[in-house]
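Trainee: One file is attached below, run16.cif, containing mmCIF, C-alpha atoms.
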data_input
loop_
_atom_site.label_atom_id
_atom_site.label_comp_id
_atom_site.auth_asym_id
_atom_site.auth_seq_id
_atom_site.Cartn_x
_atom_site.Cartn_y
_atom_site.Cartn_z
CA MET A 1 29.35 -104.51 39.24
CA THR A 2 26.89 -102.14 37.58
CA LEU A 3 23.59 -102.24 39.39
CA LEU A 4 20.23 -102.05 37.74
CA LEU A 5 18.73 -99.53 40.10
CA ASN A 6 17.79 -96.63 37.91
CA LEU A 7 14.07 -97.21 37.89
CA ALA A 8 13.45 -93.76 36.38
CA MET A 9 15.30 -94.74 33.20
CA PRO A 10 13.20 -96.54 30.58
CA CYS A 11 13.84 -100.25 30.77
CA ALA A 12 14.69 -100.55 27.06
CA LEU A 13 17.36 -97.83 27.17
CA GLU A 14 18.84 -99.16 30.38
CA LEU A 15 19.15 -102.74 29.17
CA GLN A 16 20.38 -101.79 25.71
CA ALA A 17 23.16 -99.85 27.39
CA LEU A 18 24.04 -102.16 30.26
CA VAL A 19 23.66 -105.71 28.96
CA PRO A 20 26.36 -105.42 26.24
CA SER A 21 28.81 -103.80 28.66
CA GLN A 22 28.10 -106.44 31.30
CA LEU A 23 28.66 -109.24 28.79
CA ALA A 24 31.91 -107.59 27.69
CA LYS A 25 32.97 -107.40 31.33
CA VAL A 26 32.26 -111.10 31.94
CA GLU A 27 34.17 -111.95 28.80
CA ARG A 28 37.13 -109.73 29.67
CA GLU A 29 37.38 -111.12 33.19
CA ASN A 30 37.18 -114.72 32.07
CA ARG A 31 39.42 -114.61 29.03
CA PRO A 32 42.43 -115.72 31.14
CA VAL A 33 40.46 -118.74 32.30
CA GLY A 34 40.62 -120.25 28.82
CA ALA A 35 44.37 -119.71 28.69
CA ALA A 36 44.77 -121.11 32.20
CA ILE A 37 42.85 -124.23 31.22
CA ARG A 38 45.14 -124.79 28.23
CA VAL A 39 48.30 -124.37 30.32
CA LEU A 40 47.10 -126.38 33.28
CA ALA A 41 45.93 -129.21 31.07
CA GLN A 42 49.59 -129.64 30.12
CA VAL A 43 50.90 -129.59 33.68
CA PRO A 44 48.02 -130.72 35.88
CA PHE A 45 50.02 -131.06 39.10
CA ILE A 46 51.43 -127.55 39.15
CA GLY A 47 50.19 -126.42 42.50
CA ASN A 48 46.92 -128.08 43.32
CA HIS A 49 45.99 -125.40 45.83
CA LEU A 50 46.96 -122.56 43.52
CA LEU A 51 44.73 -124.04 40.86
CA ALA A 52 41.89 -124.47 43.34
CA HIS A 53 42.29 -120.88 44.51
CA TYR A 54 42.19 -119.60 40.93
CA PHE A 55 39.07 -121.52 39.97
CA ASN A 56 37.30 -120.72 43.22
CA ARG A 57 37.82 -117.03 42.51
CA THR A 58 36.49 -117.58 38.99
CA SER A 59 33.40 -119.28 40.44
CA LYS A 60 32.72 -116.35 42.73
CA ARG A 61 32.94 -113.95 39.81
CA LEU A 62 30.63 -116.05 37.66
CA ALA A 63 28.13 -116.32 40.52
CA ARG A 64 28.12 -112.52 40.89
CA HIS A 65 27.49 -112.11 37.19
CA ALA A 66 24.62 -114.61 37.36
CA VAL A 67 23.07 -112.44 40.08
CA TRP A 68 23.44 -109.39 37.83
CA PHE A 69 21.61 -111.12 34.99
CA ARG A 70 18.92 -112.31 37.39
CA GLY A 71 18.43 -108.65 38.30
CA ALA A 72 18.20 -107.74 34.63
CA ARG A 73 15.51 -110.39 34.22
CA SER A 74 13.49 -108.85 37.05
CA ARG A 75 13.79 -105.48 35.34
CA VAL A 76 12.30 -107.02 32.19
CA THR A 77 9.48 -108.93 33.87
CA ASP A 78 8.56 -105.95 36.10
CA ASP A 79 8.58 -103.45 33.22
CA ARG A 80 5.21 -101.75 32.84
CA SER A 81 6.00 -99.64 29.76
CA GLU A 82 4.59 -100.53 26.38
CA SER A 83 7.91 -100.10 24.53
CA LEU A 84 9.73 -103.03 22.99
CA ILE A 85 13.14 -103.59 24.58
CA ASP A 86 14.80 -105.58 21.81
CA ALA A 87 12.86 -104.77 18.65
CA ASP A 88 15.72 -105.71 16.31
CA PHE A 89 16.88 -108.72 18.39
CA ASP A 90 20.33 -107.18 18.88
CA LEU A 91 20.42 -108.03 22.58
CA SER A 92 19.04 -111.53 21.97
CA GLU A 93 21.72 -112.24 19.40
CA LEU A 94 24.40 -110.86 21.69
CA LEU A 95 23.17 -113.11 24.50
CA ASP A 96 23.14 -116.11 22.13
CA ARG A 97 26.70 -115.47 21.00
CA PHE A 98 27.84 -115.06 24.58
CA ALA A 99 26.11 -118.32 25.58
CA ASP A 100 27.98 -120.06 22.75
CA ARG A 101 31.31 -118.75 24.04
CA LEU A 102 30.40 -119.82 27.56
CA GLN A 103 29.81 -123.32 26.17
CA ILE A 104 33.33 -123.28 24.71
CA LEU A 105 34.73 -122.30 28.11
CA ARG A 106 32.75 -125.13 29.70
CA ALA A 107 34.05 -127.60 27.11
CA GLY A 108 37.59 -126.60 28.12
CA LEU A 109 36.75 -127.12 31.78
CA LEU A 110 35.24 -130.53 31.03
CA SER A 111 38.40 -131.53 29.17
CA LEU A 112 40.51 -130.37 32.09
CA GLN A 113 38.29 -132.25 34.52
CA ALA A 114 38.75 -135.42 32.45
CA THR A 115 42.54 -135.13 32.77
CA MET A 116 42.47 -134.74 36.55
CA PRO A 117 42.86 -137.76 38.78
CA HIS A 118 39.48 -138.89 40.07
CA GLY A 119 38.73 -140.92 43.13
CA ASN A 120 39.89 -139.02 46.17
CA SER A 121 38.52 -135.52 46.19
CA SER A 122 41.13 -132.87 45.52
CA PRO A 123 40.78 -129.11 46.02
CA ALA A 124 41.51 -128.50 42.34
CA LEU A 125 38.97 -131.03 41.11
CA ASP A 126 36.34 -129.66 43.49
CA ALA A 127 37.10 -126.15 42.24
CA VAL A 128 36.70 -127.16 38.60
CA ARG A 129 33.39 -128.81 39.44
CA LEU A 130 32.30 -125.62 41.17
CA VAL A 131 33.20 -123.52 38.10
CA LEU A 132 31.21 -125.93 35.96
CA ARG A 133 28.18 -125.42 38.24
CA THR A 134 28.47 -121.63 38.44
CA SER A 135 29.07 -121.31 34.70
CA ALA A 136 25.95 -123.44 34.12
CA ASP A 137 23.99 -121.09 36.39
CA LEU A 138 25.26 -118.09 34.43
CA PHE A 139 24.45 -119.85 31.14
CA GLU A 140 20.89 -120.47 32.30
CA GLU A 141 20.44 -116.86 33.45
CA ILE A 142 21.72 -115.56 30.10
CA LEU A 143 19.29 -117.72 28.12
CA ALA A 144 16.47 -116.97 30.57
CA LEU A 145 17.08 -113.24 30.07
CA LYS A 146 16.83 -113.79 26.34
CA THR A 147 13.55 -115.69 26.76
CA ASP A 148 12.21 -112.94 29.05
CA LEU A 149 13.12 -110.28 26.47
CA LEU A 150 11.41 -112.22 23.67
CA GLU A 151 8.26 -112.80 25.72
CA HIS A 152 8.24 -109.16 26.94
CA ASP A 153 8.35 -107.90 23.37
CA ALA A 154 5.90 -110.52 22.13
CA ASP A 155 3.41 -109.15 24.68
CA ARG A 156 3.78 -105.67 23.20
CA ALA A 157 4.27 -106.44 19.51
CA PRO A 158 1.66 -105.18 17.05
CA ARG A 159 -0.66 -107.82 15.66
CA GLU A 160 -1.81 -108.15 12.08
CA GLU A 161 -4.94 -110.00 11.02
CA GLY A 162 -4.97 -112.58 8.25
CA TRP A 163 -1.99 -114.69 9.27
CA THR A 164 -3.96 -117.79 10.15
CA ALA A 165 -4.02 -121.31 8.79
CA SER A 166 -5.80 -124.53 9.60
CA THR A 167 -4.54 -126.93 6.93
CA PRO A 168 -1.03 -127.83 5.73
CA GLU A 169 -1.81 -126.07 2.43
CA GLU A 170 -2.74 -122.86 4.24
CA VAL A 171 0.40 -123.09 6.38
CA GLN A 172 2.42 -123.40 3.16
CA LYS A 173 0.76 -120.23 1.88
CA LEU A 174 1.73 -118.41 5.09
CA LEU A 175 5.34 -119.47 4.52
CA GLU A 176 5.20 -118.12 0.96
CA ARG A 177 3.78 -114.81 2.19
CA LEU A 178 6.62 -114.21 4.65
CA MET B 1 -1.99 -133.62 25.58
CA ALA B 2 -5.19 -135.55 24.99
CA GLY B 3 -8.39 -133.51 24.80
CA PHE B 4 -6.60 -130.39 23.60
CA LEU B 5 -7.66 -129.44 20.10
CA ILE B 6 -6.16 -126.57 18.12
CA GLU B 7 -8.26 -125.60 15.12
CA ARG B 8 -5.98 -122.96 13.63
CA ILE B 9 -2.58 -121.39 14.00
CA ASP B 10 -2.00 -117.64 13.94
CA CYS B 11 1.27 -115.90 13.05
CA GLY B 12 -0.13 -112.37 13.35
CA ASN B 13 2.43 -111.32 15.99
CA ALA B 14 4.83 -108.97 14.19
CA GLN B 15 7.83 -109.89 16.34
CA PHE B 16 7.27 -113.59 15.70
CA ARG B 17 7.17 -113.00 11.94
CA ARG B 18 10.34 -110.90 12.12
CA GLN B 19 12.07 -113.76 13.92
CA LEU B 20 10.89 -116.21 11.28
CA LYS B 21 12.32 -114.00 8.54
CA LYS B 22 15.75 -114.15 10.16
CA LEU B 23 15.91 -117.94 9.85
CA ASP B 24 17.77 -119.76 7.08
CA ALA B 25 15.41 -120.97 4.36
CA ALA B 26 15.88 -124.62 5.27
CA VAL B 27 15.22 -124.01 8.98
CA LEU B 28 12.22 -121.82 8.16
CA ALA B 29 10.73 -124.58 6.00
CA GLU B 30 11.28 -127.08 8.81
CA VAL B 31 9.61 -124.79 11.37
CA PHE B 32 6.57 -124.41 9.13
CA SER B 33 6.40 -128.12 8.41
CA ARG B 34 6.27 -128.71 12.16
CA ILE B 35 3.74 -126.04 13.08
CA ALA B 36 1.58 -127.40 10.24
CA LEU B 37 1.22 -130.51 12.42
CA LEU B 38 -0.64 -128.59 15.14
CA PRO B 39 -4.16 -128.00 13.80
CA ARG B 40 -6.81 -130.63 14.39
CA GLN B 41 -4.54 -133.15 16.11
CA ASP B 42 -5.66 -134.91 19.25
CA PRO B 43 -3.44 -136.00 20.82
CA MET B 44 -0.62 -133.72 19.68
CA PRO B 45 2.22 -135.38 17.76
CA PRO B 46 4.67 -136.32 20.55
CA GLY B 47 7.67 -135.23 18.47
CA LEU B 48 6.58 -131.60 18.86
CA HIS B 49 7.06 -131.81 22.65
CA VAL B 50 4.14 -129.46 23.25
CA HIS B 51 3.98 -128.44 26.88
CA GLN B 52 2.79 -125.61 29.07
CA LEU B 53 5.34 -123.43 30.84
CA LYS B 54 4.39 -123.70 34.50
CA SER B 55 6.04 -120.61 35.88
CA ILE B 56 4.82 -117.83 33.61
CA THR B 57 1.73 -116.32 32.08
CA VAL B 58 1.67 -113.87 29.18
CA ARG B 59 -0.74 -111.41 27.64
CA SER B 60 -3.70 -112.84 25.81
CA ALA B 61 -3.63 -112.27 22.06
CA LEU B 62 -7.35 -111.50 22.25
CA ASP B 63 -7.43 -109.22 25.29
CA PRO B 64 -4.15 -107.61 26.41
CA HIS B 65 -5.57 -107.02 29.90
CA VAL B 66 -5.81 -110.74 30.52
CA GLN B 67 -2.90 -113.06 31.39
CA VAL B 68 -3.02 -116.57 29.95
CA PRO B 69 -0.78 -119.65 30.08
CA VAL B 70 1.94 -119.99 27.48
CA TRP B 71 2.91 -123.15 25.65
CA THR B 72 6.01 -124.19 23.77
CA LEU B 73 6.88 -126.71 21.09
CA HIS B 74 10.12 -127.84 19.55
CA ALA B 75 10.15 -126.03 16.22
CA THR B 76 13.04 -128.07 14.79
CA ALA B 77 13.63 -131.79 14.98
CA ASN B 78 17.06 -131.35 16.58
CA ASP B 79 15.40 -129.52 19.51
CA THR B 80 17.57 -126.41 19.15
CA CYS B 81 14.65 -124.09 18.46
CA LYS B 82 11.50 -123.62 20.53
CA ALA B 83 8.40 -121.61 19.64
CA SER B 84 6.05 -120.19 22.25
CA PHE B 85 2.34 -119.66 21.78
CA THR B 86 -0.92 -119.15 23.61
CA VAL B 87 -3.99 -121.25 22.96
CA GLU B 88 -7.20 -119.23 22.98
CA LYS B 89 -10.58 -120.30 21.63
CA GLY B 90 -9.00 -123.09 19.61
CA VAL B 91 -6.33 -120.90 18.02
CA ALA B 92 -2.58 -121.19 18.67
CA TYR B 93 -1.22 -117.64 18.65
CA PHE B 94 2.51 -117.80 18.04
CA ARG B 95 4.62 -115.32 19.98
CA ALA B 96 8.36 -115.99 20.06
CA LEU B 97 11.05 -118.25 18.75
CA GLY B 98 14.22 -119.03 20.66
CA THR B 99 17.13 -121.40 20.92
CA HIS B 100 16.84 -124.22 23.36
CA ASP B 101 20.11 -125.17 25.02
CA GLU B 102 20.66 -126.97 28.25
CA VAL B 103 23.78 -127.66 30.24
CA ASP B 104 24.64 -130.33 32.72
CA LYS B 105 25.40 -128.64 36.05
CA ASN B 106 27.15 -131.64 37.54
CA PRO B 107 28.97 -133.40 34.71
#
Show me, as structure tokens, the structure contained in the file I just sent.
Mentor:
Amino acid sequence: MTLLLNLAMPCALELQALVPSQLAKVERENRPVGAAIRVLAQVPFIGNHLLAHYFNRTSKRLARHAVWFRGARSRVTDDRSESLIDADFDLSELLDRFADRLQILRAGLLSLQATMPHGNSSPALDAVRLVLRTSADLFEEILALKTDLLEHDADRAPREEGWTASTPEEVQKLLERL
Amino acid sequence: MAGFLIERIDCGNAQFRRQLKKLDAAVLAEVFSRIALLPRQDPMPPGLHVHQLKSITVRSALDPHVQVPVWTLHATANDTCKASFTVEKGVAYFRALGTHDEVDKNP
């Protein structure tokens, strides 16, 4: 895992370089999970413990990635420079797209969970539930990083006078000016 | 939000305006129709879901050395888009626009 420890490097440069590669890494590592879900949905009883082992490993990976993104968030909120980090919203859009793909992965897991026998707890079912929890944690960290980036840059964005309105007509004029 | 009166809205933040410009025309029109509901309303229209974020403060639009609370509202009716703003001297200063997704951790 790449660590965000280079405090001498400007925050914007560091995050612009590391966030896309970290997202690519998460995606690369978890691509087989989607395939595994599709296969295992067809043959749900193929090795309950093997399945549990596989998803428990996936959960650990996702939890590590969530920690990485939590670290990235600290880097953003602790940044004291006056530079914008994501002036063109490239990182924000990347994070959004990744969150969408994570939702697709979660939808697959939910479908798999629905096919598994409920009632008595099984290692495989518990493991799928754990992946659902850790993927939700990662999802929240990804969107929280995006929010932190937007608020960081909003703090530092230039302001222009004359963009005010107090009536619906004036708001309409603002819209037309955009 | 009784007793909380916003007289004007302000879209002077350059990043906020750049985000607005990236929206589809229909979504942009919806966002403006909703933020037009803010001024001079007490209480706030409940459909906007205006609330203060408890855990963070942001720079004041009036004095960058001061930290102030930040508020959000649902900028689209389907709740997928949230706008953040500060409220200072009766003016809502818009800051950022973002998607609003939630997941169920224990489905």
Trainee: Please determine, counting all atoms listed in the file, which residue among A:Val171, A:Ala63, A:Arg73, A:Ser92 has the shortest atom-to-atom distance to Ile9 (chain B).
Mentor: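 Of A:Val171, A:Ala63, A:Arg73, A:Ser92, the one nearest Ile9 (chain B), counting all atoms listed in the file, is A:Val171.
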Trainee: With the PyMOL selection byres ((chain B) within 8 of (chain A)) as the selection, what would be picked from this file? Answer as a ChimeraX atom specification, please.
Mentor: /B:7-17,21,29,32-33,36-37,39-40,58-59,64,95-98,102-107
Trainee: Skip Phe98 (chain A) itself and residues of its chain fewer than 4 positions away, then list as a list in words all residues within 8 Å of it, counting only C-alpha atoms.
Mentor: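 Counting only C-alpha atoms, the residues come to Leu23, Leu94 and Leu102 of chain A.
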Trainee: Kindly save the residues from that selection, with C-alpha atoms included, as an mmCIF file, keeping the file's coordinate frame.
Mentor:
data_model
loop_
_atom_site.group_PDB
_atom_site.id
_atom_site.type_symbol
_atom_site.label_atom_id
_atom_site.label_comp_id
_atom_site.auth_asym_id
_atom_site.auth_seq_id
_atom_site.Cartn_x
_atom_site.Cartn_y
_atom_site.Cartn_z
ATOM 1 C CA LEU A 23 28.660 -109.240 28.790
ATOM 2 C CA LEU A 94 24.400 -110.860 21.690
ATOM 3 C CA LEU A 102 30.400 -119.820 27.560
#
Trainee: What does the distance from CA of Val128 (chain A) to CA of Glu29 (chain A) come to in Å, to one decimal?
Mentor: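 Computing the Euclidean distance for CA of Val128 (chain A) and CA of Glu29 (chain A) yields 16.9 Å.
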Trainee: Just how far from CA of Lys173 (chain A) is CA of Val27 (chain B), in Å to one decimal?
Mentor: 16.5 Å
Trainee: Please report, as JSON, the centre and edge lengths in Å to one decimal of an axis-aligned box covering all listed atoms of region 149-165 of chain A with 4 Å per side.
Mentor:
{"center_x": 4.1, "center_y": -113.2, "center_z": 17.6, "size_x": 26.1, "size_y": 24.1, "size_z": 26.7}
Trainee: In Å, with one decimal, what is the gap from CA of Leu28 (chain B) to CA of Cys81 (chain B)?
Mentor: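 Spanning CA of Leu28 (chain B) to CA of Cys81 (chain B) is a straight-line distance of 10.8 Å.
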Trainee: Residue by residue, what does the PyMOL selection byres ((chain B and resi 83) around 6) grab here? Present the result as a list in words.
Mentor: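 Applying the PyMOL selection byres ((chain B and resi 83) around 6) to the structure shown produces Thr72, Leu73, Ala75, Lys82, Ser84, Ala96 and Leu97 of chain B.
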Trainee: Would you kindly translate the PyMOL selection byres ((chain A and resi 13-16) around 12) into the concrete residues it picks from this file, as a VMD selection string?
Mentor: chain A and resid 2 to 12 17 to 23 68 to 69 71 to 76 79 81 83 to 92 94 to 95 145 to 146 149
Trainee: Closest to Ala61 (chain B) among B:Leu23, B:Thr80, B:Val31, B:Phe85, using all atoms listed in the file?
Mentor: B:Phe85
Trainee: For Ser60 (chain B), list every protein, DNA or RNA residue within 9 Å, evaluated using all atoms listed in the file, and leave out those in the same chain fewer than 4 positions away; present the list as a PyMOL selection string.
Mentor: (chain A and resi 155) or (chain B and resi 64-69+86-88+93)
Trainee: I need the residues from that last selection saved to file as a JSON list (two decimals), in the coordinates of the input (with C-alpha atoms), if you can.
Mentor:
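Everything below was put into again-v9.json:
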[["chain", "number", "residue", "atom", "x", "y", "z"],
["A", 155, "ASP", "CA", 3.41, -109.15, 24.68],
["B", 64, "PRO", "CA", -4.15, -107.61, 26.41],
["B", 65, "HIS", "CA", -5.57, -107.02, 29.90],
["B", 66, "VAL", "CA", -5.81, -110.74, 30.52],
["B", 67, "GLN", "CA", -2.90, -113.06, 31.39],
["B", 68, "VAL", "CA", -3.02, -116.57, 29.95],
["B", 69, "PRO", "CA", -0.78, -119.65, 30.08],
["B", 86, "THR", "CA", -0.92, -119.15, 23.61],
["B", 87, "VAL", "CA", -3.99, -121.25, 22.96],
["B", 88, "GLU", "CA", -7.20, -119.23, 22.98],
["B", 93, "TYR", "CA", -1.22, -117.64, 18.65]]
Trainee: Just want the 9 Å neighbourhood of Val50 (chain B), counted on all atoms listed in the file, with same-chain residues fewer than 5 positions away dropped. Output as a VMD selection string.
Mentor: chain B and resid 1 44 to 45 71 to 74
Trainee: Measuring between only C-alpha atoms, which one of B:Gln52, B:Thr57, B:Gln41, B:Thr76 shows the shortest distance to Ala26 (chain B)?
Mentor: B:Thr76
Trainee: Write out as an MDAnalysis selection string which residues come within 12 Å of Phe55 (chain A) when counting only C-alpha atoms, dropping same-chain ones fewer than 3 positions away.
Mentor: chainID A and resid 30 32:34 36:37 40 48:52 58:62 109 112 123:135
Trainee: May I have the selected residues written with C-alpha atoms, as an mmCIF file, in the frame of the given file?
Mentor:
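What follows is the written file again16.cif:
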data_model
loop_
_atom_site.group_PDB
_atom_site.id
_atom_site.type_symbol
_atom_site.label_atom_id
_atom_site.label_comp_id
_atom_site.auth_asym_id
_atom_site.auth_seq_id
_atom_site.Cartn_x
_atom_site.Cartn_y
_atom_site.Cartn_z
ATOM 1 C CA ASN A 30 37.180 -114.720 32.070
ATOM 2 C CA PRO A 32 42.430 -115.720 31.140
ATOM 3 C CA VAL A 33 40.460 -118.740 32.300
ATOM 4 C CA GLY A 34 40.620 -120.250 28.820
ATOM 5 C CA ALA A 36 44.770 -121.110 32.200
ATOM 6 C CA ILE A 37 42.850 -124.230 31.220
ATOM 7 C CA LEU A 40 47.100 -126.380 33.280
ATOM 8 C CA ASN A 48 46.920 -128.080 43.320
ATOM 9 C CA HIS A 49 45.990 -125.400 45.830
ATOM 10 C CA LEU A 50 46.960 -122.560 43.520
ATOM 11 C CA LEU A 51 44.730 -124.040 40.860
ATOM 12 C CA ALA A 52 41.890 -124.470 43.340
ATOM 13 C CA THR A 58 36.490 -117.580 38.990
ATOM 14 C CA SER A 59 33.400 -119.280 40.440
ATOM 15 C CA LYS A 60 32.720 -116.350 42.730
ATOM 16 C CA ARG A 61 32.940 -113.950 39.810
ATOM 17 C CA LEU A 62 30.630 -116.050 37.660
ATOM 18 C CA LEU A 109 36.750 -127.120 31.780
ATOM 19 C CA LEU A 112 40.510 -130.370 32.090
ATOM 20 C CA PRO A 123 40.780 -129.110 46.020
ATOM 21 C CA ALA A 124 41.510 -128.500 42.340
ATOM 22 C CA LEU A 125 38.970 -131.030 41.110
ATOM 23 C CA ASP A 126 36.340 -129.660 43.490
ATOM 24 C CA ALA A 127 37.100 -126.150 42.240
ATOM 25 C CA VAL A 128 36.700 -127.160 38.600
ATOM 26 C CA ARG A 129 33.390 -128.810 39.440
ATOM 27 C CA LEU A 130 32.300 -125.620 41.170
ATOM 28 C CA VAL A 131 33.200 -123.520 38.100
ATOM 29 C CA LEU A 132 31.210 -125.930 35.960
ATOM 30 C CA ARG A 133 28.180 -125.420 38.240
ATOM 31 C CA THR A 134 28.470 -121.630 38.440
ATOM 32 C CA SER A 135 29.070 -121.310 34.700
#
